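Colleague: Shown below is the structure under consideration.
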Amino acid sequence: MKIGIFGGSFNPPHMGHINAIQTVAKKVGLQKVHIVPAAQNPLKTPVEGPTAEQRLDLTRLAFEQYGETYFVDDQEIKRGGMSYTIDTVMNLRKTYDANDLYLVVGADKFEELSQWKDYQKLLSEVNLVVTTRPGYETPESLDEMPGYLKPMVSDFDFNFIELNTGRNIQFITLRDIEISASELRKWLRTGKPVEKYLPLAVESYIKDHKLYRNLGDRIGDFKKFSEFCANVLFAKKGINVRGFDLTGIAAPSEYTLIASGTSTRHAAAMAENIVMAVKEEYNVHPQSVEGIDEGRWVLVDYGSLIVHIFYDFVRQEYSLENLWREGKDLGFKDPYVGKPEAQ
């Protein structure tokens, strides 16, 4: 048997997930697919949304009408903590031969696979199916392979790589619905129609359980909240921290903050500190966090407040303040100036 493994946060599961795995199952000839919702992705910042158990329920509802080929596997939710793919694969290896296992990942995950726990062992215990979009340039020579993969390649042909571990990698182009879970979460919070992208049972569950609600009820005064976040940035030595009230102009949020870091690491660290401080003070996670891996431009989205943190020279390149010059500068001042260094 050919057995697929398809993991992810499924926050929420949507038609893009379903179309992707159905395409792979058909082209690879998978006879069974383990759909594995993660408890917590170690490479992602937690975001506001359903519990792990609710995501499991949503995933079961999403796939229940597609037959026994698609089995929603709860092992990572049951284990709890950080979810590592190698643990899931080794658990499945107790039942299946490595030659029969096919791990399905997107092209973005393929590029960052060297960040995964025990990725070299993973590529000896499972074959890889990489899903791509039209226009993605499949590696055609050893020079075009990701650096981590080059020592493991024994042979390659069009869309197919043989590894010296005995496993292989194949690329499959998807032509499916272009939507991301983060976009859907934003649409759900703003009341935008989503029926085209969500199975009916998933949409009904979300409405019945009041999931993906706007954070306003829990945060309250967003001007005060903006000042709180600005003070976190000041405490962590943010450069030129500025806040704007955008309620009088057309903008994606009512308030915004912008700050710079001395390096990409500093920018990412400030974003992480905001997420931790807000969770401690307000008990909410952001709706989404983007760019934290690179640290050039990190966006932390709390709905009515969006925080932009740049590596300083990138900020100068984009000059976002010019977009908000018709808004009201909130005039935030560093409360730590002249005081002992903040901890």
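Identifiers in the structure tokens: chain A, B, ... in order shown; residue index from 1 per chain; ligand index from 1 in order shown.
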From a DSSP calculation on the backbone, collect every residue of region 192-331 of chain A in strand (DSSP E) and output the set as an mmCIF file with N, CA and C atoms, in the first residue's frame.

Modeller:
```cif
data_model
loop_
_atom_site.group_PDB
_atom_site.id
_atom_site.type_symbol
_atom_site.label_atom_id
_atom_site.label_comp_id
_atom_site.auth_asym_id
_atom_site.auth_seq_id
_atom_site.Cartn_x
_atom_site.Cartn_y
_atom_site.Cartn_z
ATOM 1 N N ILE A 239 13.654 51.329 17.827
ATOM 2 C CA ILE A 239 14.107 52.607 17.269
ATOM 3 C C ILE A 239 12.925 53.341 16.642
ATOM 4 N N ASN A 240 12.796 54.633 16.975
ATOM 5 C CA ASN A 240 11.794 55.499 16.363
ATOM 6 C C ASN A 240 10.400 54.855 16.377
ATOM 7 N N VAL A 241 9.949 54.539 17.592
ATOM 8 C CA VAL A 241 8.628 53.922 17.763
ATOM 9 C C VAL A 241 7.551 54.989 17.583
ATOM 10 N N ARG A 242 6.636 54.755 16.655
ATOM 11 C CA ARG A 242 5.567 55.712 16.382
ATOM 12 C C ARG A 242 4.230 54.992 16.306
ATOM 13 N N GLY A 243 3.187 55.673 16.766
ATOM 14 C CA GLY A 243 1.835 55.129 16.695
ATOM 15 C C GLY A 243 0.927 56.089 15.970
ATOM 16 N N PHE A 244 -0.065 55.537 15.245
ATOM 17 C CA PHE A 244 -0.991 56.370 14.468
ATOM 18 C C PHE A 244 -2.425 55.922 14.714
ATOM 19 N N ASP A 245 -3.292 56.906 14.875
ATOM 20 C CA ASP A 245 -4.738 56.687 14.912
ATOM 21 C C ASP A 245 -5.239 56.842 13.481
ATOM 22 N N TYR A 255 -5.718 51.375 14.304
ATOM 23 C CA TYR A 255 -4.478 51.885 14.879
ATOM 24 C C TYR A 255 -3.305 51.096 14.299
ATOM 25 N N THR A 256 -2.156 51.740 14.280
ATOM 26 C CA THR A 256 -0.970 51.028 13.816
ATOM 27 C C THR A 256 0.246 51.525 14.587
ATOM 28 N N LEU A 257 1.202 50.642 14.746
ATOM 29 C CA LEU A 257 2.491 50.976 15.349
ATOM 30 C C LEU A 257 3.582 50.616 14.368
ATOM 31 N N ILE A 258 4.659 51.388 14.394
ATOM 32 C CA ILE A 258 5.810 51.077 13.561
ATOM 33 C C ILE A 258 7.067 51.312 14.396
ATOM 34 N N ALA A 259 8.027 50.411 14.243
ATOM 35 C CA ALA A 259 9.292 50.525 14.974
ATOM 36 C C ALA A 259 10.370 49.829 14.173
ATOM 37 N N SER A 260 11.620 50.111 14.523
ATOM 38 C CA SER A 260 12.753 49.484 13.845
ATOM 39 C C SER A 260 13.628 48.757 14.852
ATOM 40 N N GLY A 261 14.331 47.748 14.342
ATOM 41 C CA GLY A 261 15.345 47.052 15.118
ATOM 42 C C GLY A 261 16.709 47.279 14.507
ATOM 43 N N SER A 288 -2.593 36.983 13.490
ATOM 44 C CA SER A 288 -1.574 36.412 12.611
ATOM 45 C C SER A 288 -0.254 37.106 12.879
ATOM 46 N N VAL A 289 0.828 36.404 12.542
ATOM 47 C CA VAL A 289 2.179 36.955 12.624
ATOM 48 C C VAL A 289 2.880 36.588 11.331
ATOM 49 N N GLU A 290 3.438 37.574 10.639
ATOM 50 C CA GLU A 290 4.100 37.327 9.364
ATOM 51 C C GLU A 290 5.516 37.880 9.380
ATOM 52 N N TRP A 297 10.787 42.507 7.906
ATOM 53 C CA TRP A 297 9.534 43.234 8.127
ATOM 54 C C TRP A 297 8.588 42.255 8.809
ATOM 55 N N VAL A 298 8.366 42.451 10.105
ATOM 56 C CA VAL A 298 7.496 41.570 10.875
ATOM 57 C C VAL A 298 6.175 42.288 11.115
ATOM 58 N N LEU A 299 5.085 41.610 10.824
ATOM 59 C CA LEU A 299 3.755 42.173 11.008
ATOM 60 C C LEU A 299 3.019 41.348 12.054
ATOM 61 N N VAL A 300 2.576 42.013 13.130
ATOM 62 C CA VAL A 300 1.810 41.360 14.190
ATOM 63 C C VAL A 300 0.407 41.967 14.168
ATOM 64 N N ASP A 301 -0.589 41.142 13.851
ATOM 65 C CA ASP A 301 -1.943 41.620 13.575
ATOM 66 C C ASP A 301 -2.876 41.293 14.745
ATOM 67 N N LEU A 305 -5.489 46.784 15.709
ATOM 68 C CA LEU A 305 -4.111 47.276 15.781
ATOM 69 C C LEU A 305 -3.207 46.343 14.991
ATOM 70 N N ILE A 306 -2.419 46.910 14.088
ATOM 71 C CA ILE A 306 -1.390 46.152 13.378
ATOM 72 C C ILE A 306 -0.046 46.772 13.720
ATOM 73 N N VAL A 307 0.891 45.929 14.134
ATOM 74 C CA VAL A 307 2.228 46.375 14.518
ATOM 75 C C VAL A 307 3.211 45.986 13.417
ATOM 76 N N HIS A 308 3.968 46.958 12.920
ATOM 77 C CA HIS A 308 4.988 46.732 11.899
ATOM 78 C C HIS A 308 6.366 46.936 12.538
ATOM 79 N N ILE A 309 7.218 45.924 12.475
ATOM 80 C CA ILE A 309 8.562 46.043 13.034
ATOM 81 C C ILE A 309 9.563 45.700 11.935
ATOM 82 N N PHE A 310 10.462 46.633 11.671
ATOM 83 C CA PHE A 310 11.391 46.512 10.551
ATOM 84 C C PHE A 310 12.834 46.384 11.028
ATOM 85 N N TYR A 311 13.631 45.726 10.235
ATOM 86 C CA TYR A 311 15.072 45.978 10.259
ATOM 87 C C TYR A 311 15.207 47.387 9.692
ATOM 88 N N LYS A 328 -3.657 60.448 12.673
ATOM 89 C CA LYS A 328 -3.226 61.231 13.822
ATOM 90 C C LYS A 328 -2.044 60.553 14.499
ATOM 91 N N ASP A 329 -0.908 61.258 14.581
ATOM 92 C CA ASP A 329 0.257 60.731 15.286
ATOM 93 C C ASP A 329 -0.055 60.715 16.778
#
```

Colleague: Which residues are near Gly147 (chain A)? Cut-off 12 Å, only C-alpha atoms, ignore same chain within fewer than 6 positions. Put them as a list in words.

Modeller: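 My reading of the contact set: Phe110, Glu111, Glu112, Leu113, Ser114, Pro139 and Val153 of chain A.
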
Colleague: Step one, run DSSP on the backbone; step two, keep only residues of region 143-196 of chain A assigned to helix (DSSP H, G or I); then write them as a list in words.

Modeller: Asp143, Glu144, Lys150, Pro151, Met152, Ala181, Ser182, Glu183, Leu184, Arg185, Lys186, Trp187, Leu188, Arg189 and Thr190 of chain A

Colleague: Measuring between only C-alpha atoms, which one of A:Leu215, A:Leu43, A:Leu174, A:Val36 shows the shortest distance to Lys186 (chain A)?

Modeller: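 Of all the options, A:Leu215 lies closest to Lys186 (chain A).
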
Colleague: Could you pull the residues within 8 Å of Tyr282 (chain A), counting only C-alpha atoms, minus those fewer than 2 positions along the same chain, as a PDB file with N, CA and C atoms, in the first residue's frame?

Modeller:
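And here is the file that came out, part_31.pdb:
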```pdb
ATOM      1  N   ARG A 218     -12.263  41.456  23.787  1.00  0.00           N
ATOM      2  CA  ARG A 218     -11.310  41.036  24.813  1.00  0.00           C
ATOM      3  C   ARG A 218     -10.246  42.090  25.073  1.00  0.00           C
ATOM      4  N   ILE A 219      -9.959  42.911  24.076  1.00  0.00           N
ATOM      5  CA  ILE A 219      -8.930  43.937  24.234  1.00  0.00           C
ATOM      6  C   ILE A 219      -9.524  45.258  24.716  1.00  0.00           C
ATOM      7  N   VAL A 278       1.504  40.655  25.503  1.00  0.00           N
ATOM      8  CA  VAL A 278       0.061  40.761  25.294  1.00  0.00           C
ATOM      9  C   VAL A 278      -0.647  39.515  25.821  1.00  0.00           C
ATOM     10  N   LYS A 279      -0.059  38.358  25.600  1.00  0.00           N
ATOM     11  CA  LYS A 279      -0.658  37.130  26.117  1.00  0.00           C
ATOM     12  C   LYS A 279      -0.742  37.180  27.646  1.00  0.00           C
ATOM     13  N   GLU A 280       0.306  37.685  28.281  1.00  0.00           N
ATOM     14  CA  GLU A 280       0.324  37.754  29.748  1.00  0.00           C
ATOM     15  C   GLU A 280      -0.667  38.792  30.278  1.00  0.00           C
ATOM     16  N   VAL A 284      -4.588  37.095  25.109  1.00  0.00           N
ATOM     17  CA  VAL A 284      -4.936  36.843  23.711  1.00  0.00           C
ATOM     18  C   VAL A 284      -3.664  36.662  22.895  1.00  0.00           C
TER      19      VAL A 284
END
```

Colleague: In Å, how far is it from CA of Gln75 (chain A) to CA of Tyr119 (chain A)?

Modeller: 19.7 Å

Colleague: List the neighbours of Glu68 (chain A) out to 12 Å using only C-alpha atoms; skip same-chain residues closer than 2 positions along the sequence, and give me the result as a list of chain:residue names.

Modeller: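 Answer for this query is A:Gln31, A:Lys32, A:Val33, A:His34, A:Ile35, A:Arg60, A:Phe63, A:Glu64, A:Gln65, A:Tyr66, A:Tyr70, A:Phe71, A:Val72.
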
Colleague: Grab the residues selected above and save them as a PDB file, in the first residue's frame with N, CA, C and O atoms.

Modeller:
```
ATOM      1  N   GLN A  31      -3.387   4.926  -1.319  1.00  0.00           N
ATOM      2  CA  GLN A  31      -4.580   4.160  -0.965  1.00  0.00           C
ATOM      3  C   GLN A  31      -5.162   4.558   0.388  1.00  0.00           C
ATOM      4  O   GLN A  31      -6.303   4.254   0.699  1.00  0.00           O
ATOM      5  N   LYS A  32      -4.346   5.247   1.186  1.00  0.00           N
ATOM      6  CA  LYS A  32      -4.811   5.750   2.472  1.00  0.00           C
ATOM      7  C   LYS A  32      -3.989   6.989   2.812  1.00  0.00           C
ATOM      8  O   LYS A  32      -2.796   7.044   2.524  1.00  0.00           O
ATOM      9  N   VAL A  33      -4.638   7.974   3.422  1.00  0.00           N
ATOM     10  CA  VAL A  33      -3.937   9.195   3.816  1.00  0.00           C
ATOM     11  C   VAL A  33      -4.231   9.487   5.286  1.00  0.00           C
ATOM     12  O   VAL A  33      -5.397   9.554   5.689  1.00  0.00           O
ATOM     13  N   HIS A  34      -3.169   9.634   6.076  1.00  0.00           N
ATOM     14  CA  HIS A  34      -3.307  10.071   7.462  1.00  0.00           C
ATOM     15  C   HIS A  34      -3.298  11.597   7.474  1.00  0.00           C
ATOM     16  O   HIS A  34      -2.273  12.219   7.144  1.00  0.00           O
ATOM     17  N   ILE A  35      -4.429  12.197   7.804  1.00  0.00           N
ATOM     18  CA  ILE A  35      -4.531  13.646   7.960  1.00  0.00           C
ATOM     19  C   ILE A  35      -4.201  13.939   9.425  1.00  0.00           C
ATOM     20  O   ILE A  35      -4.916  13.496  10.323  1.00  0.00           O
ATOM     21  N   ARG A  60     -11.999  16.661  11.069  1.00  0.00           N
ATOM     22  CA  ARG A  60     -12.852  15.485  10.841  1.00  0.00           C
ATOM     23  C   ARG A  60     -14.081  15.852  10.014  1.00  0.00           C
ATOM     24  O   ARG A  60     -14.466  15.117   9.098  1.00  0.00           O
ATOM     25  N   PHE A  63     -13.219  16.340   6.225  1.00  0.00           N
ATOM     26  CA  PHE A  63     -12.881  15.176   5.400  1.00  0.00           C
ATOM     27  C   PHE A  63     -13.893  14.037   5.494  1.00  0.00           C
ATOM     28  O   PHE A  63     -13.737  13.032   4.798  1.00  0.00           O
ATOM     29  N   GLU A  64     -14.923  14.178   6.318  1.00  0.00           N
ATOM     30  CA  GLU A  64     -15.817  13.046   6.565  1.00  0.00           C
ATOM     31  C   GLU A  64     -16.574  12.578   5.325  1.00  0.00           C
ATOM     32  O   GLU A  64     -16.931  11.407   5.216  1.00  0.00           O
ATOM     33  N   GLN A  65     -16.792  13.474   4.370  1.00  0.00           N
ATOM     34  CA  GLN A  65     -17.588  13.095   3.198  1.00  0.00           C
ATOM     35  C   GLN A  65     -16.747  12.501   2.067  1.00  0.00           C
ATOM     36  O   GLN A  65     -17.293  12.152   1.020  1.00  0.00           O
ATOM     37  N   TYR A  66     -15.436  12.376   2.279  1.00  0.00           N
ATOM     38  CA  TYR A  66     -14.570  11.943   1.183  1.00  0.00           C
ATOM     39  C   TYR A  66     -14.136  10.484   1.288  1.00  0.00           C
ATOM     40  O   TYR A  66     -13.249  10.040   0.563  1.00  0.00           O
ATOM     41  N   TYR A  70      -9.342   8.841   3.562  1.00  0.00           N
ATOM     42  CA  TYR A  70      -8.816   9.951   4.357  1.00  0.00           C
ATOM     43  C   TYR A  70      -9.127   9.726   5.833  1.00  0.00           C
ATOM     44  O   TYR A  70     -10.275   9.818   6.276  1.00  0.00           O
ATOM     45  N   PHE A  71      -8.082   9.401   6.592  1.00  0.00           N
ATOM     46  CA  PHE A  71      -8.215   9.084   8.007  1.00  0.00           C
ATOM     47  C   PHE A  71      -7.621  10.221   8.834  1.00  0.00           C
ATOM     48  O   PHE A  71      -6.428  10.517   8.723  1.00  0.00           O
ATOM     49  N   VAL A  72      -8.440  10.873   9.635  1.00  0.00           N
ATOM     50  CA  VAL A  72      -7.960  11.955  10.494  1.00  0.00           C
ATOM     51  C   VAL A  72      -7.313  11.341  11.725  1.00  0.00           C
ATOM     52  O   VAL A  72      -7.977  10.705  12.549  1.00  0.00           O
TER      53      VAL A  72
END
```

Colleague: Taking into account only C-alpha atoms, which residue in the set A:Tyr302, A:Phe160, A:Tyr197, A:Tyr84 is nearest to Phe225 (chain A)?

Modeller: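 With only C-alpha atoms as the atom set, the closest residue is A:Tyr302.
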
Colleague: Give me, as a list in words, all polymer residues having an atom no more than 6 Å from region 45-47 of chain A, counting only C-alpha atoms and skipping those fewer than 6 positions away in the same chain.

Modeller: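 Answer for this query is His285, Pro286, Gln287 and Ser288 of chain A.
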
Colleague: Output the selection as an mmCIF file, in the first residue's frame - C-alpha atoms for each residue.

Modeller:
```
data_model
loop_
_atom_site.group_PDB
_atom_site.id
_atom_site.type_symbol
_atom_site.label_atom_id
_atom_site.label_comp_id
_atom_site.auth_asym_id
_atom_site.auth_seq_id
_atom_site.Cartn_x
_atom_site.Cartn_y
_atom_site.Cartn_z
ATOM 1 C CA HIS A 285 -2.716 35.719 20.871
ATOM 2 C CA PRO A 286 -2.426 37.769 17.651
ATOM 3 C CA GLN A 287 -4.683 36.983 14.720
ATOM 4 C CA SER A 288 -1.574 36.412 12.611
#
```

Colleague: Smallest atom-to-atom distance to Ile21 (chain A): which of A:Met152, A:Val194, A:Val104, A:Cys229, using only C-alpha atoms?

Modeller: A:Val104

Colleague: Go through A:Lys207, A:Arg325, A:Lys2, A:Lys236 one by one, measure the shortest atom-to-atom distance of each to Leu188 (chain A) using only C-alpha atoms, and give the residue with the smallest value.

Modeller: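 The shortest atom-to-atom distance to Leu188 (chain A) comes from A:Lys207.
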